[in-house]
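Chemist: my_file.cif is reproduced in full below (mmCIF, C-alpha atoms and all ligand atoms).
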data_work
#
loop_
_atom_site.label_atom_id
_atom_site.label_comp_id
_atom_site.auth_asym_id
_atom_site.auth_seq_id
_atom_site.Cartn_x
_atom_site.Cartn_y
_atom_site.Cartn_z
CA MET A 27 0.00 0.00 0.00
CA TYR A 28 1.40 3.31 -1.00
CA ALA A 29 -0.34 5.36 1.64
CA GLN A 30 0.77 4.43 5.14
CA MET A 31 -0.41 5.95 8.39
CA VAL A 32 -2.36 8.69 6.72
CA LYS A 33 -3.36 10.90 9.61
CA SER A 34 -7.04 11.71 9.43
CA GLU A 35 -7.92 15.36 9.85
CA SER A 36 -10.59 16.49 12.25
CA THR A 37 -13.64 18.29 11.04
CA GLN A 38 -15.51 21.24 12.57
CA ASP A 39 -18.59 21.15 10.39
CA ALA A 40 -22.21 21.19 11.60
CA PRO A 41 -23.51 17.77 12.70
CA GLU A 42 -26.52 17.85 10.31
CA LYS A 43 -24.27 18.53 7.34
CA LEU A 44 -21.91 15.76 8.39
CA ALA A 45 -24.80 13.33 8.78
CA ALA A 46 -26.18 14.18 5.34
CA PHE A 47 -22.72 13.71 3.86
CA GLN A 48 -22.29 10.37 5.61
CA ALA A 49 -25.69 9.28 4.29
CA ARG A 50 -24.54 9.94 0.73
CA ILE A 51 -21.44 7.83 1.29
CA ASP A 52 -23.42 5.04 2.96
CA ALA A 53 -25.77 5.03 -0.04
CA GLY A 54 -22.76 4.40 -2.29
CA GLU A 55 -22.87 7.80 -3.98
CA LYS A 56 -19.65 9.24 -5.35
CA ILE A 57 -18.51 12.58 -4.00
CA GLU A 58 -17.41 14.91 -6.80
CA PRO A 59 -15.05 17.92 -6.62
CA LYS A 60 -17.74 20.63 -6.53
CA ASP A 61 -19.91 18.81 -3.97
CA TRP A 62 -19.91 19.95 -0.37
CA MET A 63 -17.52 17.91 1.75
CA PRO A 64 -16.25 18.13 5.32
CA GLU A 65 -12.92 19.89 5.70
CA GLY A 66 -11.48 16.76 7.33
CA TYR A 67 -12.52 14.61 4.38
CA ARG A 68 -10.88 17.01 1.95
CA LYS A 69 -7.64 17.33 3.90
CA THR A 70 -7.32 13.62 4.62
CA LEU A 71 -7.81 12.87 0.94
CA ILE A 72 -5.16 15.40 -0.10
CA ARG A 73 -2.74 13.76 2.29
CA GLN A 74 -3.58 10.23 1.17
CA ILE A 75 -3.77 10.82 -2.59
CA GLY A 76 -0.69 13.03 -2.43
CA GLN A 77 1.27 10.38 -0.56
CA HIS A 78 0.14 7.80 -3.08
CA ALA A 79 1.18 10.04 -6.01
CA HIS A 80 4.58 10.76 -4.45
CA SER A 81 5.10 7.01 -3.99
CA GLU A 82 4.51 6.36 -7.67
CA ILE A 83 7.01 9.07 -8.59
CA VAL A 84 9.73 8.21 -6.06
CA GLY A 85 9.04 4.55 -6.83
CA GLN A 86 10.53 5.05 -10.27
CA LEU A 87 13.98 5.54 -8.74
CA PRO A 88 14.79 2.03 -7.44
CA GLU A 89 13.75 0.49 -10.75
CA GLY A 90 15.19 3.27 -12.89
CA ASN A 91 18.46 2.24 -11.28
CA TRP A 92 18.51 -0.94 -13.44
CA ILE A 93 17.23 0.30 -16.80
CA THR A 94 20.69 0.81 -18.27
CA ARG A 95 21.89 -2.51 -16.89
CA ALA A 96 19.00 -4.81 -17.81
CA PRO A 97 20.34 -8.17 -19.02
CA THR A 98 18.65 -8.08 -22.46
CA LEU A 99 17.18 -5.47 -24.76
CA GLU A 100 13.73 -6.97 -24.24
CA ARG A 101 14.01 -6.77 -20.44
CA LYS A 102 15.19 -3.19 -20.81
CA ALA A 103 12.19 -2.25 -22.96
CA ILE A 104 9.82 -3.94 -20.47
CA LEU A 105 11.35 -2.24 -17.46
CA LEU A 106 11.28 1.10 -19.23
CA ALA A 107 7.58 0.65 -20.01
CA LYS A 108 6.89 -0.34 -16.40
CA VAL A 109 8.69 2.70 -15.00
CA GLN A 110 6.89 4.94 -17.51
CA ASP A 111 3.58 3.52 -16.26
CA GLU A 112 4.55 4.53 -12.73
CA ALA A 113 5.11 8.10 -13.92
CA GLY A 114 1.63 7.94 -15.43
CA HIS A 115 0.18 6.66 -12.13
CA GLY A 116 1.75 9.58 -10.33
CA LEU A 117 0.21 11.98 -12.83
CA TYR A 118 -3.30 10.48 -12.61
CA LEU A 119 -3.13 10.76 -8.83
CA TYR A 120 -1.77 14.31 -8.75
CA CYS A 121 -4.68 15.35 -10.97
CA ALA A 122 -7.13 13.70 -8.58
CA ALA A 123 -5.53 15.53 -5.64
CA GLU A 124 -5.65 18.84 -7.49
CA THR A 125 -9.45 18.67 -7.69
CA LEU A 126 -9.34 19.19 -3.89
CA ALA A 127 -7.93 22.71 -4.18
CA VAL A 128 -4.23 22.09 -3.81
CA SER A 129 -1.88 22.91 -6.68
CA ARG A 130 0.57 20.54 -8.33
CA ASP A 131 3.51 22.72 -7.37
CA GLU A 132 2.38 22.83 -3.76
CA LEU A 133 2.19 19.05 -3.68
CA THR A 134 5.64 18.77 -5.22
CA GLU A 135 7.11 21.25 -2.79
CA MET A 136 5.62 19.38 0.16
CA LEU A 137 7.30 16.20 -1.05
CA LEU A 138 10.63 17.92 -1.64
CA ASP A 139 10.82 19.57 1.77
CA GLY A 140 9.60 16.47 3.60
CA ARG A 141 6.19 17.75 4.73
CA MET A 142 4.55 14.94 2.78
CA LYS A 143 5.64 11.31 2.81
CA TYR A 144 5.92 8.49 0.32
CA SER A 145 5.83 4.77 0.95
CA SER A 146 8.59 3.39 3.17
CA ILE A 147 9.33 0.63 0.63
CA PHE A 148 11.11 2.97 -1.76
CA ASN A 149 13.76 3.75 0.80
CA TYR A 150 15.34 0.33 0.29
CA PRO A 151 18.08 -0.13 -2.31
CA THR A 152 17.88 -2.35 -5.40
CA LEU A 153 21.20 -4.17 -5.33
CA THR A 154 20.91 -6.83 -8.03
CA TRP A 155 18.87 -7.60 -11.14
CA ALA A 156 16.84 -10.08 -9.09
CA ASP A 157 15.54 -7.08 -7.14
CA MET A 158 13.66 -6.01 -10.28
CA GLY A 159 11.88 -9.34 -10.02
CA ALA A 160 11.19 -9.00 -6.31
CA VAL A 161 9.95 -5.44 -6.65
CA GLY A 162 7.47 -6.25 -9.43
CA TRP A 163 6.27 -9.41 -7.73
CA LEU A 164 6.11 -8.24 -4.11
CA VAL A 165 5.93 -4.44 -4.15
CA ASP A 166 3.51 -4.10 -7.04
CA GLY A 167 1.72 -7.16 -5.66
CA ALA A 168 1.21 -5.43 -2.32
CA ALA A 169 0.16 -2.23 -4.08
CA ILE A 170 -2.46 -4.13 -6.07
CA MET A 171 -3.91 -5.61 -2.84
CA ASN A 172 -4.56 -2.09 -1.66
CA GLN A 173 -5.52 -0.47 -4.93
CA VAL A 174 -8.15 -2.94 -6.09
CA PRO A 175 -10.59 -2.14 -3.24
CA LEU A 176 -9.79 1.57 -3.56
CA GLN A 177 -11.46 1.55 -6.98
CA ARG A 178 -14.66 1.71 -4.89
CA THR A 179 -13.54 4.64 -2.76
CA SER A 180 -16.12 7.40 -2.21
CA TYR A 181 -14.22 10.22 -3.92
CA GLY A 182 -14.98 10.14 -7.66
CA PRO A 183 -11.67 11.40 -9.11
CA TYR A 184 -9.66 9.11 -6.79
CA SER A 185 -11.79 6.11 -7.70
CA ARG A 186 -11.41 6.79 -11.41
CA ALA A 187 -7.63 7.17 -11.08
CA MET A 188 -7.52 3.85 -9.24
CA ILE A 189 -9.48 2.13 -12.01
CA ARG A 190 -6.96 3.31 -14.61
CA ILE A 191 -4.04 2.30 -12.41
CA CYS A 192 -5.39 -1.16 -11.64
CA LYS A 193 -5.74 -1.89 -15.35
CA GLU A 194 -2.00 -1.36 -15.69
CA GLU A 195 -0.66 -2.96 -12.52
CA SER A 196 -1.14 -6.59 -13.43
CA PHE A 197 1.54 -6.30 -16.11
CA HIS A 198 3.92 -4.95 -13.46
CA GLN A 199 3.49 -7.84 -11.12
CA ARG A 200 3.64 -10.48 -13.83
CA GLN A 201 6.82 -9.12 -15.41
CA GLY A 202 8.41 -9.18 -11.95
CA TYR A 203 7.33 -12.72 -11.25
CA HIS A 204 8.59 -13.72 -14.69
CA ILE A 205 12.04 -12.36 -13.80
CA MET A 206 11.93 -14.36 -10.55
CA MET A 207 10.98 -17.52 -12.46
CA LYS A 208 13.92 -17.14 -14.82
CA MET A 209 16.34 -16.48 -11.97
CA ALA A 210 14.99 -19.29 -9.79
CA GLN A 211 15.30 -21.77 -12.67
CA GLY A 212 18.73 -20.43 -13.67
CA THR A 213 22.21 -21.26 -12.43
CA PRO A 214 22.75 -21.84 -8.68
CA ALA A 215 24.22 -18.35 -8.49
CA GLN A 216 21.11 -16.83 -10.10
CA LYS A 217 18.81 -18.78 -7.81
CA LYS A 218 20.80 -17.50 -4.87
CA MET A 219 20.32 -13.94 -6.08
CA ALA A 220 16.57 -14.54 -6.32
CA GLN A 221 16.48 -15.93 -2.77
CA ASP A 222 18.53 -13.00 -1.52
CA ALA A 223 16.13 -10.53 -3.17
CA LEU A 224 13.15 -12.26 -1.52
CA ASN A 225 14.96 -12.20 1.82
CA ARG A 226 15.54 -8.46 1.62
CA PHE A 227 12.13 -7.44 0.24
CA TRP A 228 9.82 -9.72 2.25
CA TYR A 229 9.52 -7.71 5.45
CA PRO A 230 9.66 -4.27 3.83
CA SER A 231 6.77 -5.45 1.61
CA LEU A 232 4.75 -6.48 4.67
CA MET A 233 5.39 -3.02 6.09
CA MET A 234 3.76 -1.43 3.06
CA PHE A 235 0.34 -2.13 4.60
CA GLY A 236 1.16 0.06 7.60
CA PRO A 237 1.22 -0.76 11.32
CA SER A 238 -0.89 -3.43 12.91
CA ASP A 239 -4.58 -2.58 13.39
CA LYS A 240 -4.18 -2.35 17.15
CA ASP A 241 -1.67 0.49 16.66
CA SER A 242 -3.43 2.08 13.74
CA VAL A 243 -5.06 5.20 15.12
CA HIS A 244 -6.27 6.77 11.90
CA SER A 245 -8.39 4.04 10.39
CA ALA A 246 -11.89 4.41 11.81
CA GLN A 247 -12.88 7.78 10.35
CA SER A 248 -11.25 7.01 7.00
CA MET A 249 -13.08 3.71 6.77
CA LYS A 250 -16.38 5.41 7.57
CA TRP A 251 -15.75 7.89 4.77
CA LYS A 252 -14.68 5.06 2.43
CA ILE A 253 -11.28 6.60 1.93
CA LYS A 254 -9.80 3.42 3.34
CA MET A 255 -11.58 0.21 2.41
CA ASN A 256 -9.82 -2.50 4.47
CA THR A 257 -7.76 -2.60 7.63
CA ASN A 258 -3.98 -2.95 7.41
CA ASP A 259 -3.98 -6.43 8.91
CA GLU A 260 -6.71 -7.69 6.58
CA LEU A 261 -4.72 -6.67 3.52
CA ARG A 262 -1.43 -7.96 4.92
CA GLN A 263 -3.01 -11.37 5.60
CA LYS A 264 -4.41 -11.51 2.08
CA PHE A 265 -1.03 -10.64 0.66
CA VAL A 266 0.76 -13.36 2.63
CA ASP A 267 -1.86 -15.95 1.70
CA GLN A 268 -1.48 -15.12 -1.96
CA THR A 269 2.30 -14.82 -2.00
CA VAL A 270 3.49 -17.86 -0.04
CA PRO A 271 2.31 -20.41 -2.66
CA GLN A 272 3.93 -18.25 -5.37
CA ALA A 273 7.24 -18.42 -3.48
CA GLU A 274 6.85 -22.20 -3.15
CA PHE A 275 6.26 -22.48 -6.88
CA LEU A 276 9.57 -20.67 -7.44
CA GLY A 277 11.30 -23.06 -5.05
CA LEU A 278 12.26 -20.14 -2.84
CA THR A 279 11.91 -19.87 0.93
CA VAL A 280 10.03 -17.07 2.65
CA PRO A 281 12.43 -15.80 5.33
CA ASP A 282 10.12 -16.56 8.26
CA ASP A 283 10.64 -19.65 10.47
CA THR A 284 7.27 -19.16 12.10
CA LEU A 285 5.31 -19.29 8.85
CA ARG A 286 2.58 -21.98 9.21
CA TRP A 287 -0.70 -22.70 7.51
CA ASN A 288 -3.48 -22.22 10.05
CA GLU A 289 -6.39 -24.45 9.13
CA ASP A 290 -8.80 -22.76 11.56
CA LYS A 291 -8.45 -19.29 10.13
CA GLY A 292 -7.86 -20.53 6.60
CA GLY A 293 -4.72 -18.44 6.27
CA TYR A 294 -1.05 -18.38 7.22
CA ASP A 295 0.33 -17.44 10.59
CA PHE A 296 3.39 -15.29 9.99
CA ALA A 297 5.89 -13.08 11.78
CA GLU A 298 5.26 -9.36 11.83
CA PRO A 299 7.96 -7.11 10.49
CA ASP A 300 10.21 -5.19 12.83
CA TRP A 301 8.04 -2.16 13.47
CA SER A 302 10.85 -0.14 14.99
CA GLU A 303 12.63 -0.39 11.63
CA PHE A 304 9.43 0.77 9.92
CA PHE A 305 9.07 3.84 12.12
CA ASP A 306 12.73 4.59 11.64
CA VAL A 307 12.39 4.51 7.86
CA ILE A 308 9.27 6.69 8.03
CA GLN A 309 11.22 9.17 10.16
CA GLY A 310 13.76 9.50 7.35
CA ASN A 311 16.42 7.06 8.53
CA GLY A 312 16.05 4.25 5.99
CA PRO A 313 18.97 3.18 3.83
CA CYS A 314 17.98 5.43 0.89
CA ASN A 315 15.80 8.27 2.23
CA THR A 316 18.44 10.92 1.70
CA GLU A 317 19.36 9.66 -1.76
CA ARG A 318 15.72 9.50 -2.92
CA LEU A 319 14.82 13.01 -1.79
CA ALA A 320 18.09 14.37 -3.16
CA ALA A 321 17.29 12.83 -6.56
CA ARG A 322 13.81 14.37 -6.61
CA ASN A 323 15.13 17.77 -5.52
CA LYS A 324 17.84 17.66 -8.18
CA ALA A 325 15.33 16.79 -10.90
CA TRP A 326 13.04 19.63 -9.80
CA ASP A 327 15.80 22.22 -9.53
CA GLU A 328 17.53 21.27 -12.75
CA GLY A 329 14.21 21.17 -14.61
CA ALA A 330 13.28 24.70 -13.59
CA TRP A 331 14.76 26.33 -16.72
CA VAL A 332 12.78 23.94 -18.91
CA ARG A 333 9.50 24.67 -17.14
CA GLU A 334 10.11 28.41 -17.27
CA GLY A 335 11.45 28.35 -20.83
CA LEU A 336 8.43 26.52 -22.19
CA MET A 337 6.09 28.96 -20.47
CA ALA A 338 7.97 31.90 -21.95
CA HIS A 339 7.86 30.25 -25.38
CA ALA A 340 4.10 29.68 -25.06
CA ALA A 341 3.54 33.33 -24.09
CA LYS A 342 5.63 34.52 -27.04
CA LYS A 343 3.68 32.32 -29.47
CA ARG A 344 0.39 33.58 -28.04
CA ALA A 345 1.49 37.20 -28.46
CA ALA A 346 2.63 36.59 -32.06
CA LYS A 347 -0.68 34.95 -32.90
CA LEU A 348 -2.60 37.87 -31.41
CA ALA A 349 -0.52 40.39 -33.34
CA ALA A 350 -1.19 38.52 -36.59
CA GLU A 351 -4.96 38.61 -36.08
CA MET B 22 3.16 28.02 -7.96
CA LYS B 23 4.48 31.27 -9.35
CA ASN B 24 4.44 30.13 -12.92
CA GLU B 25 2.74 26.77 -12.95
CA TRP B 26 1.87 25.21 -16.29
CA PRO B 27 -1.88 25.49 -16.86
CA LEU B 28 -4.20 22.52 -16.45
CA TRP B 29 -5.72 20.84 -19.51
CA GLU B 30 -8.61 18.41 -19.63
CA VAL B 31 -8.09 15.47 -21.95
CA PHE B 32 -10.78 13.79 -24.08
CA ILE B 33 -10.14 10.66 -26.11
CA ARG B 34 -12.09 8.85 -28.80
CA GLY B 35 -11.59 5.13 -28.39
CA GLN B 36 -11.34 2.59 -31.18
CA HIS B 37 -15.03 1.98 -31.65
CA GLY B 38 -16.44 5.16 -33.12
CA LEU B 39 -17.78 6.51 -29.86
CA ASN B 40 -17.75 10.15 -28.74
CA HIS B 41 -14.63 11.63 -27.23
CA ARG B 42 -14.71 10.89 -23.54
CA HIS B 43 -13.08 12.72 -20.65
CA VAL B 44 -10.17 10.62 -19.37
CA GLY B 45 -8.33 12.98 -17.02
CA SER B 46 -6.16 16.04 -17.00
CA LEU B 47 -2.56 17.15 -17.18
CA HIS B 48 -0.35 20.22 -17.06
CA ALA B 49 1.32 21.65 -20.16
CA PRO B 50 2.64 25.05 -21.24
CA ASP B 51 0.54 25.16 -24.44
CA ALA B 52 -1.95 23.19 -26.53
CA GLU B 53 0.69 21.52 -28.65
CA MET B 54 2.55 20.17 -25.64
CA ALA B 55 -0.73 19.22 -23.99
CA LEU B 56 -1.51 16.97 -26.96
CA LYS B 57 1.93 15.39 -26.85
CA ASN B 58 1.71 14.81 -23.12
CA ALA B 59 -1.81 13.43 -23.44
CA ARG B 60 -0.52 10.86 -25.90
CA ASP B 61 2.12 9.72 -23.41
CA VAL B 62 -0.04 9.82 -20.31
CA TYR B 63 -3.37 8.53 -21.60
CA THR B 64 -2.74 6.37 -24.69
CA ARG B 65 0.13 4.06 -23.80
CA ARG B 66 -1.99 1.03 -24.66
CA ASN B 67 -3.85 1.96 -27.81
CA GLU B 68 -6.67 3.58 -25.87
CA GLY B 69 -7.52 6.06 -28.58
CA VAL B 70 -7.57 7.20 -32.17
CA SER B 71 -8.16 10.90 -31.51
CA ILE B 72 -7.35 13.32 -28.68
CA TRP B 73 -8.89 16.64 -27.69
CA VAL B 74 -7.30 18.90 -25.10
CA VAL B 75 -9.10 21.88 -23.59
CA GLU B 76 -7.61 24.31 -21.15
CA ALA B 77 -9.49 23.66 -17.91
CA ALA B 78 -9.97 27.40 -17.33
CA HIS B 79 -12.17 27.52 -20.45
CA ILE B 80 -14.66 24.97 -19.16
CA THR B 81 -17.87 26.25 -17.63
CA ALA B 82 -19.49 23.70 -15.36
CA SER B 83 -22.91 23.56 -13.73
CA SER B 84 -22.83 23.69 -9.97
CA PRO B 85 -24.19 20.91 -7.74
CA SER B 86 -26.65 23.34 -6.10
CA ASP B 87 -28.33 23.83 -9.50
CA LYS B 88 -29.18 20.14 -9.59
CA GLY B 89 -32.80 20.76 -8.62
CA PRO B 90 -33.71 23.63 -10.97
CA LEU B 91 -31.75 22.05 -13.85
CA TYR B 92 -32.87 18.46 -13.77
CA GLU B 93 -36.13 18.23 -11.83
CA PRO B 94 -38.30 19.71 -14.62
CA SER B 95 -37.58 16.68 -16.79
CA GLU B 96 -38.65 14.29 -14.04
CA SER B 97 -42.33 15.23 -14.46
CA LYS B 98 -42.28 14.83 -18.22
CA VAL B 99 -42.66 11.10 -18.36
CA TYR B 100 -44.37 11.35 -21.75
CA ARG B 101 -40.92 11.91 -23.22
CA HIS B 102 -40.27 8.19 -22.83
CA PRO B 103 -41.74 5.67 -25.29
CA THR B 104 -42.97 3.44 -22.45
CA PHE B 105 -45.50 6.17 -21.47
CA PHE B 106 -47.72 5.10 -24.38
CA ASP B 107 -49.65 1.87 -24.22
CA ILE B 108 -49.93 0.47 -27.72
CA PRO B 109 -51.87 -2.79 -28.08
CA ASP B 110 -49.87 -5.82 -29.32
CA GLU B 111 -52.24 -6.12 -32.26
CA ALA B 112 -50.71 -2.96 -33.71
CA GLY B 113 -47.50 -4.89 -34.28
CA HIS B 114 -43.91 -3.97 -33.49
CA MET B 115 -43.38 -0.28 -32.87
FE FE A 401 1.95 2.27 -9.96
FE FE A 402 1.53 1.52 -7.66
FE FE A 403 3.18 -0.66 -10.54
#
Please render this file's structure as structure tokens.

Modeler:
Amino acid sequence: MYAQMVKSESTQDAPEKLAAFQARIDAGEKIEPKDWMPEGYRKTLIRQIGQHAHSEIVGQLPEGNWITRAPTLERKAILLAKVQDEAGHGLYLYCAAETLAVSRDELTEMLLDGRMKYSSIFNYPTLTWADMGAVGWLVDGAAIMNQVPLQRTSYGPYSRAMIRICKEESFHQRQGYHIMMKMAQGTPAQKKMAQDALNRFWYPSLMMFGPSDKDSVHSAQSMKWKIKMNTNDELRQKFVDQTVPQAEFLGLTVPDDTLRWNEDKGGYDFAEPDWSEFFDVIQGNGPCNTERLAARNKAWDEGAWVREGLMAHAAKKRAAKLAAE
Amino acid sequence: MKNEWPLWEVFIRGQHGLNHRHVGSLHAPDAEMALKNARDVYTRRNEGVSIWVVEAAHITASSPSDKGPLYEPSESKVYRHPTFFDIPDEAGHM
């Protein structure tokens, strides 16, 4: 999930208005940009959609790292297409956020100066080619778990962005799993790389769903407003149940000694990730936080002359056209 | 913020001869770039055969509070629907 621990904002609106709004949501109506909405709903959505958009954008960096070093031209073209999709996902989501009266530049600036977050997962490095497999399989896999139910979220523009994104995600996960299959069936050294990638990405992927429900303070209001559709633990369980058989098929071992099928609950029992590591990464102390934000800041700063130049060019063309009329 | 590229709404006609349909929006300095960006952002998988871009500032939209005055009058005009008229089966298909 690309939005973790989204703090829900309080609302000071009149109780009758809030009740009428809640009734619309309970009836399954979509809320559209010009409709009345509680201030808390609007602000929570900006934070959540913005965080999701930033994750798509920053998420290009760990995979972009391998584009020039992909093992074949075909793999390179596939990875390039996948990373380009992620840019598109970021753009769909920024547009959805902008319908809530926040500008694109404001959102960008809040990412760049650290006021807004992106998913903790992108603060881990991609050390080998097998990591491209693990990222597609596990990271996009976890994102899909979260994004599929969000297609039904109450806010119209967000829901429509999610529908577009979900159409494209399945390719991401499958190309990743395909890389893992090749590596796992390859030489012993390649299989070892695949296992090592799984070992490093397993727990960070589980963290993507956010803290355990018992420590998740922000869920109730967001679930009532249908901004959040499932609890963190529900989604994490679903992810584990889906992923463990896929790891077995690869002949790889999930790095969890306590992993057991639990007949009674019809799901796996599994070890929780180290939450202190999670909070540390969120606080900015993960292995790549500094590098990721530096890369985004550099891109923004060094792109300034292009943004300004194109605006100046557009103004000049407009003036010339007017003069000719 | 100071000099942000304007927002454009993007409409795409899909493969099957339907009307252009709103698919989303994007930022671009001018119409030409908006078209180019729309191609990259919204037609990566053959989604369209034609693109329109319209600067969002040029769109006039109805407001939700007009919902009543705008749409209620048509609710009482049920005779605008073919099912309002009972035609006996003997008259044949109509
Ligand atoms: Fe994505
Ligand atoms: Fe994603
Ligand atoms: Fe993806």

Chemist: Taking only C-alpha atoms and all ligand atoms into account, which residues have an atom no farther than 7 Å from ligand FE 401 (chain A)? I'd like them as a list in words.

Modeler: Glu82, Asp111, Glu112, His115, Ile191 and Glu195 of chain A

Chemist: To box segment 51-59 of chain B, take all atoms listed in the file, fit an axis-aligned box, add 8 Å on each side, and give centre and edge lengths in Å to one decimal, as lines of an AutoDock Vina configuration file.

Modeler:
center_x = 0.3
center_y = 19.3
center_z = -25.9
size_x = 20.5
size_y = 27.7
size_z = 21.5

Chemist: Using all atoms listed in the file, which residues have at least one atom no more than 12 Å from ligand FE 402 (chain A)? Output them as a ChimeraX atom specification.

Modeler: /A:27-29,75,77-86,108-119,144-145,147-148,161-174,187-199,234

Chemist: Could you list as a VMD selection string every residue that has an atom within 6 Å of (15.9, 15.6, -1.5), using the file's coordinates and counting all atoms listed in the file?

Modeler: chain A and resid 138 319 to 323

Chemist: Quick check: residues of chain B within 12 Å of chain A, all atoms listed in the file, returned as a PyMOL selection string.

Modeler: chain B and resi 22-31+43-55+58-66+68+77+82-88

Chemist: Pull C-alpha atoms from the residues just selected and write them as an mmCIF file, keeping the file's coordinate frame.

Modeler:
data_model
loop_
_atom_site.group_PDB
_atom_site.id
_atom_site.type_symbol
_atom_site.label_atom_id
_atom_site.label_comp_id
_atom_site.auth_asym_id
_atom_site.auth_seq_id
_atom_site.Cartn_x
_atom_site.Cartn_y
_atom_site.Cartn_z
ATOM 1 C CA MET B 22 3.160 28.020 -7.960
ATOM 2 C CA LYS B 23 4.480 31.270 -9.350
ATOM 3 C CA ASN B 24 4.440 30.130 -12.920
ATOM 4 C CA GLU B 25 2.740 26.770 -12.950
ATOM 5 C CA TRP B 26 1.870 25.210 -16.290
ATOM 6 C CA PRO B 27 -1.880 25.490 -16.860
ATOM 7 C CA LEU B 28 -4.200 22.520 -16.450
ATOM 8 C CA TRP B 29 -5.720 20.840 -19.510
ATOM 9 C CA GLU B 30 -8.610 18.410 -19.630
ATOM 10 C CA VAL B 31 -8.090 15.470 -21.950
ATOM 11 C CA HIS B 43 -13.080 12.720 -20.650
ATOM 12 C CA VAL B 44 -10.170 10.620 -19.370
ATOM 13 C CA GLY B 45 -8.330 12.980 -17.020
ATOM 14 C CA SER B 46 -6.160 16.040 -17.000
ATOM 15 C CA LEU B 47 -2.560 17.150 -17.180
ATOM 16 C CA HIS B 48 -0.350 20.220 -17.060
ATOM 17 C CA ALA B 49 1.320 21.650 -20.160
ATOM 18 C CA PRO B 50 2.640 25.050 -21.240
ATOM 19 C CA ASP B 51 0.540 25.160 -24.440
ATOM 20 C CA ALA B 52 -1.950 23.190 -26.530
ATOM 21 C CA GLU B 53 0.690 21.520 -28.650
ATOM 22 C CA MET B 54 2.550 20.170 -25.640
ATOM 23 C CA ALA B 55 -0.730 19.220 -23.990
ATOM 24 C CA ASN B 58 1.710 14.810 -23.120
ATOM 25 C CA ALA B 59 -1.810 13.430 -23.440
ATOM 26 C CA ARG B 60 -0.520 10.860 -25.900
ATOM 27 C CA ASP B 61 2.120 9.720 -23.410
ATOM 28 C CA VAL B 62 -0.040 9.820 -20.310
ATOM 29 C CA TYR B 63 -3.370 8.530 -21.600
ATOM 30 C CA THR B 64 -2.740 6.370 -24.690
ATOM 31 C CA ARG B 65 0.130 4.060 -23.800
ATOM 32 C CA ARG B 66 -1.990 1.030 -24.660
ATOM 33 C CA GLU B 68 -6.670 3.580 -25.870
ATOM 34 C CA ALA B 77 -9.490 23.660 -17.910
ATOM 35 C CA ALA B 82 -19.490 23.700 -15.360
ATOM 36 C CA SER B 83 -22.910 23.560 -13.730
ATOM 37 C CA SER B 84 -22.830 23.690 -9.970
ATOM 38 C CA PRO B 85 -24.190 20.910 -7.740
ATOM 39 C CA SER B 86 -26.650 23.340 -6.100
ATOM 40 C CA ASP B 87 -28.330 23.830 -9.500
ATOM 41 C CA LYS B 88 -29.180 20.140 -9.590
#

Chemist: Quick check, in Å to one decimal: how far apart do atom CA of Arg141 of chain A and atom CA of Ala123 of chain A lie?

Modeler: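 Computing it gives 15.8 Å between the two atoms.
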
Chemist: At a cut-off of 10 Å, using only C-alpha atoms, what residues contact segment 241-248 of chain A? Leave out same-chain residues fewer than 5 positions from it and give the result as a list of chain:residue names.

Modeler: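 So, after excluding close chain neighbours, the residues are A:Gln30, A:Met31, A:Val32, A:Lys33, A:Ser34, A:Glu35, A:Ser36, A:Gly66, A:Tyr67, A:Thr70, A:Leu71, A:Gly236, A:Ile253, A:Lys254, A:Met255, A:Asn256, A:Thr257, A:Asn258, A:Asp259.
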